[in-house]
Amino acid sequence: MGAAKNRTFEFRELCSNQPEAKPKRRPKRADDAMQIQAAQAYLAEGYTILKHITTLTSLLASSRRAYLNVDANQSSARQARSFDLSNASSDGNVDAFSSLKSLTNEERDQIDLQARILLSKCADRVKEMEIVEKRRRDAAVAQTNPLARLLPSRLTGSSSNAAADLIAAHRTNITWYLTRRLADASQTQKEMQEERIRRQTERTKTLGSSAAAYDAAMLSQPEVQEKSKFGSFGSFIRGGPSKPESGFQTQQPPPEDGYASEEEDELELTPGQMQQFEEENAALLRSVEDTLATIQLAESRLMDISSLQTELIVQLTRQAEVVDQLYDEAITSQGEVEKGHVQLKKARDRARESRKWILFFILGATGAMLFLHWYD
């Protein structure tokens, strides 16, 4: 006997030339199980988003007092604390900010940024839920018989179609509710940012009061009172003369030109005083610049949250219109199904009556034929 010949290549070539087998249709129970699993996943996603929104709203409410406490003495040397709103919303820890008394500007900016990011992520997930529901409705329409679409809804109405309309209306209501909660949360953050900007602006306007208090304290010293008739230190720094004190209301004759330079020499400040005034002016300028930068950053964050809120409101309005439309369609479909059931019941009654008369006719005709046969 000769050696066995390897014909695997020929077998594979013959198999490749054969047409592909039609995929087996999945059983109905498998389709129902997949639909139930998809519905459970859809509801689980909705509950997860709702949990994030609820926790974020509670965190904003608990941090409102410390967030708006802009008058608290903040140490510039203290390192800014790190807050993670994403983990707090996932864990459901709503007491994370309840013990805070004050926040720095960096911490406030951090809270604003993370809250805006969390709201944006939740809004994107709600949009994904809408896309999933739209695909489900399109797939259900594609599976419908094309000839059935041409028939009136009363003739094609069934309990399955009514249930599909009710499910679509229910899921659209879910996305509408989530969008409304997102809009409420963004409105809360927007109000907090507006109040923060207002308070910081008012605080910036009153920064000059501290300089005035310092001038009054300096004027209370005896050596300063002697020179206050020529002008206070604060007015000298600001470049403008101040009014003389009430205790020095006597008018003095203007000095002669020869003695003007000597009196100006007497009014010159010591190097230590000049350095102290320069340091105070530099510190005041830095404070004003920092406050201005903080206000500008808060305003930019406020614009971002305002644009997000506008987008949510537009989406909420569109969803409300879709919900109303789907609800009307579901009610109409349910009414058509009920009318169809009534008509089917009437048709069964008419068929029962017709069968009864047909039976009577057959029995009568049979009896007549038997009588004629017997008579013949």
# chains A, B, ... in the order shown; residues from 1 in each chain; ligands from 1

call {"tool": "residues_around", "arguments": {"residues": "stretch 198-202 of chain A", "least_positions_apart": "6", "cutoff": "12 Å", "atoms": "only C-alpha atoms", "output": "list in words"}}
result
Tyr67, Leu68, Asn69, Val70, Asp71, Ala72, Asn105, Glu191, Met192, Gly208, Ser287, Val288, Asp290, Thr291, Leu292, Ala293, Thr294, Ile295, Gln296, Ala298 and Glu299 of chain A

call {"tool": "atom_distance", "arguments": {"atom1": "atom CA of A:Met129", "atom2": "atom CA of A:Gln315"}}
result
13.2 Å

call {"tool": "closest_residue", "arguments": {"among": "A:Ala168, A:Ala283, A:Cys122, A:Met369", "to": "A:Lys51", "atoms": "only C-alpha atoms"}}
result
A:Cys122

call {"tool": "closest_residue", "arguments": {"among": "A:Ser333, A:Gln325, A:Ser120, A:Thr104", "to": "A:Thr179", "atoms": "only C-alpha atoms"}}
result
A:Ser120

call {"tool": "closest_residue", "arguments": {"among": "A:Leu344, A:Ile117, A:Ile174, A:Ala163", "to": "A:Arg301", "atoms": "only C-alpha atoms"}}
result
A:Ile117

call {"tool": "residues_around", "arguments": {"residues": "A:Glu311", "least_positions_apart": "3", "cutoff": "12 Å", "atoms": "only C-alpha atoms", "output": "MDAnalysis selection string"}}
result
chainID A and resid 119:120 123:124 127 179:180 182:183 186 304:308 314:318

call {"tool": "write_last_selection", "arguments": {"atoms": "C-alpha atoms", "output": "short mmCIF file (atom, residue, chain, number, x, y, z; two decimals), in the first residue's frame"}}
result
data_model
loop_
_atom_site.label_atom_id
_atom_site.label_comp_id
_atom_site.auth_asym_id
_atom_site.auth_seq_id
_atom_site.Cartn_x
_atom_site.Cartn_y
_atom_site.Cartn_z
CA LEU A 119 -22.16 68.06 35.37
CA SER A 120 -20.76 67.82 31.84
CA ALA A 123 -25.05 65.43 30.66
CA ASP A 124 -23.02 63.37 28.17
CA LYS A 127 -27.28 61.99 25.82
CA THR A 179 -31.89 66.62 32.54
CA ARG A 180 -34.13 68.68 34.81
CA LEU A 182 -28.91 68.58 36.02
CA ALA A 183 -30.37 72.00 35.21
CA SER A 186 -26.14 73.86 37.50
CA ASP A 304 -18.93 78.19 31.37
CA ILE A 305 -21.62 77.03 33.78
CA SER A 306 -24.09 79.47 32.20
CA SER A 307 -23.45 78.01 28.74
CA LEU A 308 -23.86 74.49 30.15
CA VAL A 314 -32.62 73.63 25.48
CA GLN A 315 -32.27 69.86 25.82
CA LEU A 316 -34.90 69.84 28.56
CA THR A 317 -37.36 71.72 26.35
CA ARG A 318 -36.76 69.35 23.46
#
